[in-house]
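Student: Please read through the structure below; I'll follow up with questions.
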Amino acid sequence: MTLVEISNLCLWSAVAVYALAFIAFTFDLARRSAEVTAAIDAAEREHVEQAAAAHERVGALANASGGSVAPISTSDGVVRKSRRPADEPEQQASRKSPSLRVGVSLTVIAFMLHLVADVTRGIAAGRVPWANMYEFAMTGTLLIVAVFLVVITRVDLRFLGSFVIGLVTVLLGLATANFYVEVVPLPPALQSAWLVIHVFVASLGTAFFAIGFALSVVQLLQGRRERRLGLVQPAQSSGPLRFLLTLPNAERLENLAYRVNIIGFIFWTFTLMAGAIWAERAWGRYWGWDTKEVWTFIIWVIFAGYIHARATRGWRGSRAATLAIIGFSAVMFNFVVVNVFFKGLHAYSGL
Amino acid sequence: MSRPSDHIDSVAPAPADGVNQPKLGFVGWLRFFWRQLTSMRTALFLLLLLAIAAVPGSLVPQRSSDPNGVTQYFTDNPDLAPILDKVQAFDVYSSAWFSAIYLLLFISLIGCVIPRTKHHWQALRSRPPRTPARLSRLSAFERRSDDSGATPTELIDDATKQLKRQGYRVERYDADGSASVSAERGFLRETGNLVFHSALVGILVTVGFGGGFGFSGQRVLVEGQTFVNTLLDYDSFNPGRFFNESELAPYKLTLDEFGVTYETENLDAYGQAIDYRAKVTATSPGGKPQDATIKVNDPLRFEGTDVYLLGNGYAPTITVRDPEGKVVFSDSIPFLPQDAQLTSLGIVKIPDGLAEQLGMIGFFYPTQAASKPPFFSSYPDLAYPVLTLNVYSGDLGINAGAPKSVYALDVDDMKQLTGGDTGVESIELSPGQITDLPNGLGTVSFDNVAANPSTENYAGSVKRFASFDVHHDPTQLWVLAFAILALSGLITSLFVARRRVWVKAVAGADGTVSLEYAGLARGEDPGLEAAVEAIAEAHSPTPVPSEPEGRIAP
Ligand code: HEM
């Protein structure tokens, strides 16, 4: 087997394992919905103080989304108060879930395969594996998963698994099926250290934006649920999105999304600058409103808008989240549509 | 921010107040308008508007980056194009409406940054605010108790030292029976934010003025040709508004050789160019010649200008003789590449020396692949080079004085003599061949310029050309400096946490001291609670009341 064949085989296997991981993560969400229903049913069967009981049972779950602000007395005489829900009960809920653990394990396995595919592709080509669309997609999605795996060691965002891994499965599958090209040497225009830096950082920025996007989507759903039902009436919760009840509340999701997005924004700012420096070396001008430059700029401005929205009364919350979602959609548009269909100097899709 | 900057209000000098009072209707309106313009909401609105306004420029070709695309667009959409042109859709990024948006945005930005800078300057010199009466109301709060026998003042002395070590600015607020320290950190956050926004203004201003002082010029050089850095010697030249011709240092640049390496091992990329090298000799005015190589991604920085390699192709050498055999034309003509295999198109114009003015439209195939028309090239290097020429006679239209592109032939007033429907086969030549022109006008030859011409190996038989861009932009480094400043400001402002922390000790009746630790975030601060917890932990590691040696005195 040649290196390229190994790479292709690993990549297809990675797609398959990602798909399994996606199923496991989705299973976890379904389980959460089922738990919510069970808690409600159990409460309803009790005749005495029905409402209160329902409240209590579901409360444990809802606590995760509610985020208590009451002072919590601990046995050692320390009084501690914080906006964080005590010990983050949503983590307790998810720690118990076997499907979550399966999902993460499968993701790690798929990631390893994916990494091998990426590295062997790079070795086969004798250069960094991000010089055409197929390779951008391969490395970009690898980074999305890498960022996801790193982030979940710090904050338990495993519930995002079905969103993030779902996205990765689709992107990687589509790219492998549609954008595949054989290994070819770099054209002179791409022979530059800036290819290594600029494209890598752009992909890294994209990876952070992708996680932020997933968080913002959940935040919007959660926000809608909170507005519709109010936090105190989880018993009315129904429909396929019942699992939302077991996830962090909209405000916490927003804060998480913001933290992830500003990291993405810094990488994107760097990408913009590095791109300008490279453009100066390659084309003799650092900025020329080439289509790709235009879209990189548009994305940057949208996320600057997002950051401002967070600091503007009346915009924090759902509106800011919408901007983050639009921003990530623009990133995807820039990657797929602009690369494939628009004319410009950045004709490096390899298609 | 739940607490306004109370401290600053009390210390702030009054001079601005007089100006700030609304006076008359007009001034009042101005003030109202200004406040609207410099509000966060307006900034957000203008940012989003800017993003939207930038979109059309990617959908419609732009004169600045794709002039041929614009011409083509006019041909393809004769009805729509003039309307789009009226709204400056082909010059989006210099259009009145795009400029209006970003200028308003930057006015808003300046109007926003100036008062904040003033405010921040005062904040930097003010002292941390008085300890709030009820710390337990703050978002991060811990209560502990100490029965080591230390007094509240001693305990707070320790806390003050500890906070100082962590980079907090501290202020003591002691009262009867209680002591407290108020601490503040993270001023760099606001500093970074202001640096970031100011640097954006710096970028805009330098870009705005920078273009004015520079120039860019284009020049095509065939191997062996020399170009002198003067206005006359450029093929095209775009000076900035403030550009002065005397700034051009008249250096010389000779293209000695243009080298290309083609991929020959990887069959998926067979014939793909993997290296271009323009070997040049550069000579400063009055200086010694020096050799250099210009590559894509590797410009030559010389005499204050940057010389970039942007394009290349073949320049067949064509000689035309009159019926007596006297040379009336001999030149290497750059042919523009039409595809990846370098099928190239070129124009030859012979205004003088023959019975009629002649024009020729030529195609050059470095490796001709078909034995009869339509020809095409199957490989970009010189394996089997063929030149075909369609000859036209008549008025070239160059006597009228209007400038004519050397890459186009206007055949409206000319008669086609070979090729097409004429019934006469078009001229087809390999390097070194010569043939008669129609109507006994003379001869034309395609010269083999190789050192040792041969018909077995055509390597080097046709010259190559390279097209260079010469740029000078004195503000480029300034833009870079501002950009770096902006990035550093951005990182600082997004990751430095700004917070206030208080530690308060109150003596209880039983001799124990009750300790309160509280923190308040000013802006985004995900680590606040952990920080307050850590401060409490470091200050009184064993908070359980029952243990007498609860506190280790430092
Ligand atoms: C060219 C236009 C602008 C861009 C690209 C831009 C971009 C940004 C970015 C990236 C941030 C976050 C990083 C930081 O805090 O330094 C930010 C924050 C901020 N900007 Fe702007 N800005 C612009 C114009 C303005 C204007 C006109 C105002 C005033 C109305 C403004 C007020 C602020 C404020 C108050 C913050 C802090 C937000 C917070 O507390 O999180 N900006 N801006």
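Going by the structure tokens order, chains are called A, B, ..., each with residues numbered from 1, while ligands are numbered from 1 in the order shown.
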Give me the residues of chain B that have any atom at most 7 Å from an atom of chain A; for each, the nearest atom pair and the distance in Å, rounded to one decimal. Use only C-alpha atoms, sort by chain and number, and format it as a Markdown table.
Tutor:
```
| residue | atom | partner | partner_atom | distance |
| --- | --- | --- | --- | --- |
| B:Met40 | CA | A:Thr312 | CA | 5.9 |
| B:Arg41 | CA | A:Thr312 | CA | 6.4 |
| B:Leu44 | CA | A:Gly305 | CA | 5.5 |
| B:Leu47 | CA | A:Gly305 | CA | 5.9 |
| B:Leu48 | CA | A:Gly305 | CA | 6.3 |
| B:Ala51 | CA | A:Ile298 | CA | 4.9 |
| B:Ala54 | CA | A:Ile298 | CA | 6.7 |
| B:Ser58 | CA | A:Thr291 | CA | 5.0 |
| B:Ser65 | CA | A:Gly288 | CA | 6.4 |
| B:Ser139 | CA | A:Ser82 | CA | 5.8 |
| B:Ala140 | CA | A:Ser82 | CA | 5.1 |
| B:Phe141 | CA | A:Lys81 | CA | 5.2 |
| B:Glu142 | CA | A:Arg80 | CA | 4.6 |
| B:Arg143 | CA | A:Val79 | CA | 5.0 |
| B:Arg144 | CA | A:Val78 | CA | 5.6 |
| B:Asp268 | CA | A:Val184 | CA | 6.4 |
| B:Ala269 | CA | A:Val184 | CA | 5.5 |
| B:Ala273 | CA | A:Pro187 | CA | 6.5 |
| B:Ile274 | CA | A:Pro187 | CA | 5.2 |
| B:Asp275 | CA | A:Pro188 | CA | 5.5 |
| B:Tyr276 | CA | A:Pro188 | CA | 6.9 |
| B:Val296 | CA | A:Ala189 | CA | 5.9 |
| B:Asn297 | CA | A:Ala282 | CA | 4.2 |
| B:Asp298 | CA | A:Arg281 | CA | 6.3 |
| B:Pro299 | CA | A:Arg281 | CA | 6.5 |
| B:Tyr308 | CA | A:Gly284 | CA | 6.1 |
| B:Leu310 | CA | A:Trp283 | CA | 6.9 |
| B:His471 | CA | A:Gly284 | CA | 7.0 |
| B:Ile491 | CA | A:Ile266 | CA | 6.9 |
| B:Glu529 | CA | A:Ser82 | CA | 6.4 |
| B:Pro543 | CA | A:Val78 | CA | 7.0 |
| B:Val544 | CA | A:Asp76 | CA | 5.5 |
```
Student: Output N, CA and C atoms for every residue in that selection, as a compact mmCIF listing (two decimals), in the first residue's frame.
Tutor:
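What landed in selection27.txt:
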```
# COMPACT_ATOMS: atom_id res chain seq x y z
N MET B 40 -22.77 52.49 21.45
CA MET B 40 -22.42 51.12 21.09
C MET B 40 -23.35 50.60 20.00
N ARG B 41 -24.61 51.00 20.08
CA ARG B 41 -25.58 50.48 19.14
C ARG B 41 -25.25 50.95 17.72
N LEU B 44 -22.26 49.09 16.40
CA LEU B 44 -22.66 47.75 15.99
C LEU B 44 -23.38 47.79 14.65
N LEU B 47 -20.94 48.50 11.88
CA LEU B 47 -20.10 47.32 11.61
C LEU B 47 -20.86 46.32 10.73
N LEU B 48 -22.11 46.06 11.12
CA LEU B 48 -22.89 45.09 10.34
C LEU B 48 -23.15 45.62 8.93
N ALA B 51 -20.13 45.07 6.85
CA ALA B 51 -20.01 43.68 6.39
C ALA B 51 -20.92 43.44 5.20
N ALA B 54 -19.76 45.14 1.96
CA ALA B 54 -18.57 44.56 1.31
C ALA B 54 -18.95 43.40 0.40
N SER B 58 -17.76 41.26 -4.07
CA SER B 58 -17.27 39.92 -4.37
C SER B 58 -18.16 39.24 -5.39
N SER B 65 -9.35 45.16 -9.12
CA SER B 65 -8.65 43.87 -9.08
C SER B 65 -8.87 43.06 -10.36
N SER B 139 -21.17 39.11 43.31
CA SER B 139 -21.37 37.84 42.61
C SER B 139 -20.41 36.76 43.09
N ALA B 140 -19.22 37.13 43.51
CA ALA B 140 -18.32 36.12 44.07
C ALA B 140 -18.06 36.49 45.52
N PHE B 141 -18.35 35.55 46.40
CA PHE B 141 -18.26 35.88 47.82
C PHE B 141 -17.90 34.66 48.64
N GLU B 142 -17.04 34.85 49.63
CA GLU B 142 -16.72 33.77 50.56
C GLU B 142 -16.65 34.34 51.97
N ARG B 143 -17.12 33.54 52.91
CA ARG B 143 -16.99 33.99 54.31
C ARG B 143 -16.21 32.92 55.06
N ARG B 144 -15.26 33.38 55.84
CA ARG B 144 -14.52 32.46 56.71
C ARG B 144 -14.35 33.11 58.06
N ASP B 268 0.22 12.68 -12.03
CA ASP B 268 -0.98 13.48 -11.79
C ASP B 268 -0.74 14.96 -12.01
N ALA B 269 0.51 15.33 -12.06
CA ALA B 269 0.82 16.75 -12.22
C ALA B 269 1.86 16.94 -13.32
N ALA B 273 4.24 23.50 -13.69
CA ALA B 273 5.42 24.28 -13.33
C ALA B 273 5.60 24.24 -11.82
N ILE B 274 6.79 23.86 -11.37
CA ILE B 274 7.01 23.87 -9.93
C ILE B 274 8.03 24.90 -9.51
N ASP B 275 8.65 25.57 -10.48
CA ASP B 275 9.56 26.65 -10.10
C ASP B 275 9.72 27.63 -11.25
N TYR B 276 9.65 28.91 -10.90
CA TYR B 276 9.97 29.98 -11.85
C TYR B 276 11.13 30.78 -11.27
N VAL B 296 8.48 33.95 -7.63
CA VAL B 296 7.16 34.17 -7.05
C VAL B 296 7.34 34.02 -5.53
N ASN B 297 6.72 34.85 -4.76
CA ASN B 297 6.87 34.81 -3.31
C ASN B 297 8.23 35.29 -2.81
N ASP B 298 9.06 35.78 -3.72
CA ASP B 298 10.38 36.22 -3.29
C ASP B 298 10.81 37.40 -4.14
N PRO B 299 10.25 38.58 -3.84
CA PRO B 299 10.54 39.75 -4.66
C PRO B 299 11.95 40.28 -4.44
N TYR B 308 8.39 42.46 -8.24
CA TYR B 308 7.71 41.17 -8.10
C TYR B 308 7.63 40.49 -9.45
N LEU B 310 5.35 38.42 -11.62
CA LEU B 310 3.93 38.10 -11.63
C LEU B 310 3.50 37.16 -12.74
N HIS B 471 6.88 48.17 -7.25
CA HIS B 471 6.06 48.91 -6.29
C HIS B 471 6.93 49.72 -5.36
N ILE B 491 -5.44 41.07 22.02
CA ILE B 491 -5.18 39.93 22.89
C ILE B 491 -5.23 40.37 24.35
N GLU B 529 -14.70 33.80 40.29
CA GLU B 529 -15.00 33.03 41.50
C GLU B 529 -13.79 32.23 41.96
N PRO B 543 -10.05 27.18 57.31
CA PRO B 543 -11.13 28.07 57.74
C PRO B 543 -12.06 27.47 58.78
N VAL B 544 -11.89 26.17 59.12
CA VAL B 544 -12.87 25.55 60.02
C VAL B 544 -12.75 26.17 61.41
```
Student: Residues contacting ligand 1 - anything with an atom at most 7 Å away, using only C-alpha atoms and all ligand atoms - can you give me those as a PyMOL selection string?
Tutor: (chain A and resi 301+304+307-308+310-311) or (chain B and resi 38-40+42-43+47+105-106+108-110+112-113+192-194+196-197+200+489-490+493-494+523-524)
Student: Atoms to include: N, CA and C atoms. Write the selected residues as a CSV table (one decimal), in the first residue's frame.
Tutor:
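Result written to again.csv:
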```
chain,number,residue,atom,x,y,z
A,301,VAL,N,-15.4,41.3,10.3
A,301,VAL,CA,-16.3,42.4,10.7
A,301,VAL,C,-17.5,41.8,11.4
A,304,ALA,N,-16.4,41.0,14.9
A,304,ALA,CA,-16.2,42.2,15.6
A,304,ALA,C,-17.6,42.7,16.1
A,307,ILE,N,-18.8,40.6,19.0
A,307,ILE,CA,-18.2,41.0,20.3
A,307,ILE,C,-18.8,42.3,20.8
A,308,HIS,N,-19.1,43.2,19.9
A,308,HIS,CA,-19.8,44.5,20.3
A,308,HIS,C,-21.2,44.2,20.8
A,310,ARG,N,-22.3,41.7,22.3
A,310,ARG,CA,-22.2,41.2,23.6
A,310,ARG,C,-22.1,42.3,24.6
A,311,ALA,N,-21.5,43.4,24.2
A,311,ALA,CA,-21.3,44.5,25.1
A,311,ALA,C,-22.4,45.6,24.9
B,38,THR,N,-21.9,58.0,18.7
B,38,THR,CA,-20.9,57.3,19.4
B,38,THR,C,-21.4,56.3,20.4
B,39,SER,N,-22.6,55.9,20.2
B,39,SER,CA,-23.2,54.8,21.1
B,39,SER,C,-22.7,53.4,20.6
B,40,MET,N,-22.8,52.5,21.4
B,40,MET,CA,-22.4,51.1,21.1
B,40,MET,C,-23.3,50.6,20.0
B,42,THR,N,-24.9,52.2,17.6
B,42,THR,CA,-24.5,52.7,16.3
B,42,THR,C,-23.2,52.0,15.8
B,43,ALA,N,-22.3,51.8,16.6
B,43,ALA,CA,-21.0,51.2,16.2
B,43,ALA,C,-21.4,49.8,15.7
B,47,LEU,N,-20.9,48.5,11.9
B,47,LEU,CA,-20.1,47.3,11.6
B,47,LEU,C,-20.9,46.3,10.7
B,105,LEU,N,-18.1,55.1,10.7
B,105,LEU,CA,-17.7,54.1,11.7
B,105,LEU,C,-16.5,54.6,12.4
B,106,PHE,N,-15.6,55.2,11.6
B,106,PHE,CA,-14.3,55.7,12.3
B,106,PHE,C,-14.5,57.0,13.0
B,108,SER,N,-17.3,57.6,14.6
B,108,SER,CA,-17.9,57.0,15.8
B,108,SER,C,-16.8,56.4,16.7
B,109,LEU,N,-15.9,55.7,16.1
B,109,LEU,CA,-14.8,55.1,16.8
B,109,LEU,C,-14.0,56.2,17.6
B,110,ILE,N,-13.6,57.2,16.9
B,110,ILE,CA,-12.8,58.3,17.5
B,110,ILE,C,-13.6,58.9,18.6
B,112,CYS,N,-15.7,57.7,20.3
B,112,CYS,CA,-15.9,56.7,21.4
B,112,CYS,C,-14.6,56.6,22.2
B,113,VAL,N,-13.5,56.6,21.5
B,113,VAL,CA,-12.2,56.3,22.1
B,113,VAL,C,-11.7,57.5,22.9
B,192,GLY,N,-5.6,47.9,26.6
B,192,GLY,CA,-5.5,47.1,25.3
B,192,GLY,C,-6.6,47.4,24.4
B,193,ASN,N,-7.8,47.6,24.9
B,193,ASN,CA,-9.0,47.9,24.1
B,193,ASN,C,-8.8,49.2,23.4
B,194,LEU,N,-8.3,50.2,24.2
B,194,LEU,CA,-8.0,51.5,23.6
B,194,LEU,C,-6.9,51.5,22.5
B,196,PHE,N,-6.1,48.9,20.8
B,196,PHE,CA,-6.7,48.2,19.6
B,196,PHE,C,-7.4,49.2,18.7
B,197,HIS,N,-8.4,49.9,19.3
B,197,HIS,CA,-9.2,50.8,18.5
B,197,HIS,C,-8.4,52.0,17.9
B,200,LEU,N,-6.5,50.8,14.9
B,200,LEU,CA,-7.4,50.7,13.7
B,200,LEU,C,-7.4,52.1,13.0
B,489,GLY,N,-3.1,44.7,21.3
B,489,GLY,CA,-4.1,45.3,22.1
B,489,GLY,C,-5.3,44.4,22.2
B,490,LEU,N,-5.6,43.8,21.1
B,490,LEU,CA,-6.8,42.8,21.1
B,490,LEU,C,-6.6,41.7,22.1
B,493,SER,N,-6.8,42.9,25.6
B,493,SER,CA,-8.1,43.3,26.1
B,493,SER,C,-9.0,42.1,26.3
B,494,LEU,N,-8.8,41.1,25.5
B,494,LEU,CA,-9.7,40.0,25.6
B,494,LEU,C,-9.3,39.0,26.7
B,523,GLY,N,-16.5,43.6,33.3
B,523,GLY,CA,-16.4,43.0,31.9
B,523,GLY,C,-16.2,41.5,32.1
B,524,GLU,N,-15.9,40.9,31.0
B,524,GLU,CA,-15.8,39.4,30.9
B,524,GLU,C,-14.8,38.9,31.9
```
Student: Apply DSSP to the structure's backbone, then extract all residues of segment 107-318 of chain A labelled alpha helix (DSSP H) and return them as a ChimeraX atom specification.
Tutor: /A:107-125,133-154,161-178,193-194,200-229,250-283,291-310,318
Student: Report, in Å to a single decimal, how far apart atom CA of Val331 of chain A and atom CA of Tyr18 of chain A are.
Tutor: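 Taking atom CA of Tyr18 of chain A and atom CA of Val331 of chain A, their separation equals 22.3 Å.
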Student: List the neighbours of Lys349 of chain B out to 8 Å using only C-alpha atoms; skip same-chain residues closer than 5 positions along the sequence, and give me the result as a list in words.
Tutor: Gln357, Leu358, Gly359, Met360 and Leu396 of chain B
Student: Generate the output file for the selected residues, C-alpha atoms, as a PDB file, in the first residue's frame.
Tutor:
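Result saved to selection12.pdb:
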```
ATOM      1  CA  GLN B 357       0.803  47.725 -43.313  1.00  0.00           C
ATOM      2  CA  LEU B 358       0.651  44.182 -41.986  1.00  0.00           C
ATOM      3  CA  GLY B 359      -0.868  42.775 -38.831  1.00  0.00           C
ATOM      4  CA  MET B 360      -0.539  39.189 -37.701  1.00  0.00           C
ATOM      5  CA  LEU B 396      -3.247  49.214 -38.451  1.00  0.00           C
TER       6      LEU B 396
END
```
Student: Which of segment 357-526 of chain B end up as strand (DSSP E) when DSSP is run on this backbone - answer as JSON, numbers by chain?
Tutor: {"B": [358, 359, 360, 361, 362, 363, 364, 365, 386, 387, 388, 389, 390, 391, 392, 393, 394, 414, 415, 416, 427, 428, 429, 433, 434, 435, 436, 443, 444, 445, 446, 447, 463, 464, 465, 466, 467, 468, 469, 470, 471, 472, 499, 500, 501, 502, 503, 504, 505, 506, 507, 513, 514, 515, 516, 517, 518, 519, 520, 521]}
Student: Nearest residue to Ile52 of chain B out of A:Ile165, A:Val17, A:Gly327, A:Thr107, using only C-alpha atoms?
Tutor: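 Smallest distance to Ile52 of chain B is found for A:Gly327.
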Student: Please provide the set of residues having any atom within 7 Å of Ala383 of chain B, restricted to only C-alpha atoms, with same-chain residues fewer than 3 positions apart removed, written as a list in words.
Tutor: Pro366, Thr367 and Tyr458 of chain B
Student: Just the selected residues (N, CA and C atoms), exported as a compact mmCIF listing (two decimals), in the first residue's frame, please.
Tutor:
```txt
# COMPACT_ATOMS: atom_id res chain seq x y z
N PRO B 366 3.95 25.52 -27.55
CA PRO B 366 5.28 25.00 -27.19
C PRO B 366 5.43 23.52 -27.56
N THR B 367 4.33 22.77 -27.42
CA THR B 367 4.35 21.38 -27.86
C THR B 367 3.05 21.14 -28.62
N TYR B 458 14.65 21.23 -29.24
CA TYR B 458 14.26 22.64 -29.36
C TYR B 458 14.51 23.43 -28.08
```
Student: Identify which of the residues B:Gly167, B:Gly28, B:Gly202, B:Gly442 lies closest to Val479 of chain B, counting only C-alpha atoms when measuring atom-to-atom distances.
Tutor: B:Gly202
Student: Taking 5 positions as the minimum chain separation for residues in the same chain, which residues sit within 6 Å of Ser145 of chain B when counting only C-alpha atoms? Answer as a VMD selection string.
Tutor: chain B and resid 513 to 515
Student: Applying 9 Å and only C-alpha atoms, which residues near Gln218 of chain B remain after dropping the ones on its own chain fewer than 4 positions away? List them as a list in words.
Tutor: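 Everything that qualifies: Tyr234, Asp235, Ser236, Phe237, Asn238, Ser467, Phe468, Asp469, Val470 and His471 of chain B.
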Student: Got time to write the residues from that selection, all heavy atoms, as an mmCIF file, in the first residue's frame?
Tutor:
```
data_model
loop_
_atom_site.group_PDB
_atom_site.id
_atom_site.type_symbol
_atom_site.label_atom_id
_atom_site.label_comp_id
_atom_site.auth_asym_id
_atom_site.auth_seq_id
_atom_site.Cartn_x
_atom_site.Cartn_y
_atom_site.Cartn_z
ATOM 1 N N TYR B 234 8.177 52.265 -18.395
ATOM 2 C CA TYR B 234 7.148 51.332 -17.907
ATOM 3 C C TYR B 234 6.096 51.070 -18.983
ATOM 4 O O TYR B 234 5.797 51.940 -19.801
ATOM 5 C CB TYR B 234 6.451 51.909 -16.671
ATOM 6 C CG TYR B 234 7.227 51.715 -15.392
ATOM 7 C CD1 TYR B 234 7.961 52.757 -14.828
ATOM 8 C CD2 TYR B 234 7.228 50.491 -14.754
ATOM 9 C CE1 TYR B 234 8.672 52.576 -13.658
ATOM 10 C CE2 TYR B 234 7.942 50.304 -13.577
ATOM 11 C CZ TYR B 234 8.660 51.343 -13.041
ATOM 12 O OH TYR B 234 9.357 51.157 -11.879
ATOM 13 N N ASP B 235 5.540 49.873 -18.979
ATOM 14 C CA ASP B 235 4.403 49.595 -19.861
ATOM 15 C C ASP B 235 3.153 50.293 -19.330
ATOM 16 O O ASP B 235 2.334 50.793 -20.071
ATOM 17 C CB ASP B 235 4.144 48.089 -19.941
ATOM 18 C CG ASP B 235 5.303 47.354 -20.582
ATOM 19 O OD1 ASP B 235 5.998 47.982 -21.408
ATOM 20 O OD2 ASP B 235 5.520 46.177 -20.260
ATOM 21 N N SER B 236 2.997 50.257 -18.016
ATOM 22 C CA SER B 236 1.909 51.009 -17.402
ATOM 23 C C SER B 236 2.386 51.470 -16.036
ATOM 24 O O SER B 236 3.256 50.850 -15.425
ATOM 25 C CB SER B 236 0.650 50.153 -17.274
ATOM 26 O OG SER B 236 0.913 49.058 -16.432
ATOM 27 N N PHE B 237 1.823 52.542 -15.573
ATOM 28 C CA PHE B 237 2.327 53.167 -14.353
ATOM 29 C C PHE B 237 1.167 53.822 -13.614
ATOM 30 O O PHE B 237 0.389 54.568 -14.194
ATOM 31 C CB PHE B 237 3.364 54.219 -14.733
ATOM 32 C CG PHE B 237 4.167 54.714 -13.558
ATOM 33 C CD1 PHE B 237 5.255 53.981 -13.096
ATOM 34 C CD2 PHE B 237 3.832 55.894 -12.920
ATOM 35 C CE1 PHE B 237 5.986 54.425 -12.010
ATOM 36 C CE2 PHE B 237 4.558 56.335 -11.828
ATOM 37 C CZ PHE B 237 5.644 55.596 -11.382
ATOM 38 N N ASN B 238 1.030 53.517 -12.332
ATOM 39 C CA ASN B 238 -0.036 54.130 -11.534
ATOM 40 C C ASN B 238 0.566 54.877 -10.355
ATOM 41 O O ASN B 238 0.901 54.265 -9.344
ATOM 42 C CB ASN B 238 -0.993 53.063 -10.987
ATOM 43 C CG ASN B 238 -1.240 51.974 -11.993
ATOM 44 O OD1 ASN B 238 -1.754 52.230 -13.079
ATOM 45 N ND2 ASN B 238 -0.823 50.762 -11.664
ATOM 46 N N SER B 467 6.841 39.111 -16.683
ATOM 47 C CA SER B 467 6.256 40.422 -16.401
ATOM 48 C C SER B 467 6.496 40.752 -14.926
ATOM 49 O O SER B 467 6.316 39.919 -14.045
ATOM 50 C CB SER B 467 4.769 40.451 -16.745
ATOM 51 O OG SER B 467 4.081 39.466 -16.027
ATOM 52 N N PHE B 468 6.944 41.969 -14.727
ATOM 53 C CA PHE B 468 7.307 42.421 -13.380
ATOM 54 C C PHE B 468 6.391 43.543 -12.939
ATOM 55 O O PHE B 468 5.969 44.366 -13.745
ATOM 56 C CB PHE B 468 8.748 42.937 -13.374
ATOM 57 C CG PHE B 468 9.768 41.867 -13.645
ATOM 58 C CD1 PHE B 468 10.343 41.745 -14.907
ATOM 59 C CD2 PHE B 468 10.141 40.984 -12.649
ATOM 60 C CE1 PHE B 468 11.288 40.769 -15.152
ATOM 61 C CE2 PHE B 468 11.088 39.995 -12.892
ATOM 62 C CZ PHE B 468 11.658 39.889 -14.158
ATOM 63 N N ASP B 469 6.105 43.556 -11.661
ATOM 64 C CA ASP B 469 5.448 44.696 -11.038
ATOM 65 C C ASP B 469 6.487 45.384 -10.170
ATOM 66 O O ASP B 469 7.187 44.719 -9.404
ATOM 67 C CB ASP B 469 4.298 44.228 -10.135
ATOM 68 C CG ASP B 469 2.968 44.375 -10.819
ATOM 69 O OD1 ASP B 469 2.936 44.112 -12.043
ATOM 70 O OD2 ASP B 469 1.978 44.749 -10.153
ATOM 71 N N VAL B 470 6.580 46.672 -10.307
ATOM 72 C CA VAL B 470 7.500 47.426 -9.456
ATOM 73 C C VAL B 470 6.653 48.304 -8.546
ATOM 74 O O VAL B 470 5.785 49.052 -9.014
ATOM 75 C CB VAL B 470 8.452 48.285 -10.308
ATOM 76 C CG1 VAL B 470 9.443 49.018 -9.413
ATOM 77 C CG2 VAL B 470 9.179 47.408 -11.317
ATOM 78 N N HIS B 471 6.882 48.165 -7.253
ATOM 79 C CA HIS B 471 6.062 48.906 -6.293
ATOM 80 C C HIS B 471 6.926 49.719 -5.360
ATOM 81 O O HIS B 471 8.039 49.343 -5.035
ATOM 82 C CB HIS B 471 5.245 47.952 -5.405
ATOM 83 C CG HIS B 471 4.113 47.311 -6.111
ATOM 84 N ND1 HIS B 471 3.012 46.853 -5.458
ATOM 85 C CD2 HIS B 471 3.918 47.055 -7.405
ATOM 86 C CE1 HIS B 471 2.175 46.326 -6.337
ATOM 87 N NE2 HIS B 471 2.711 46.426 -7.520
#
```
Student: Which residues come within 12 Å of segment 326-329 of chain B, counting only C-alpha atoms, excluding same-chain residues fewer than 3 positions away, as a PyMOL selection string?
Tutor: chain B and resi 317-323+332-333+348-355+357-359+441-446
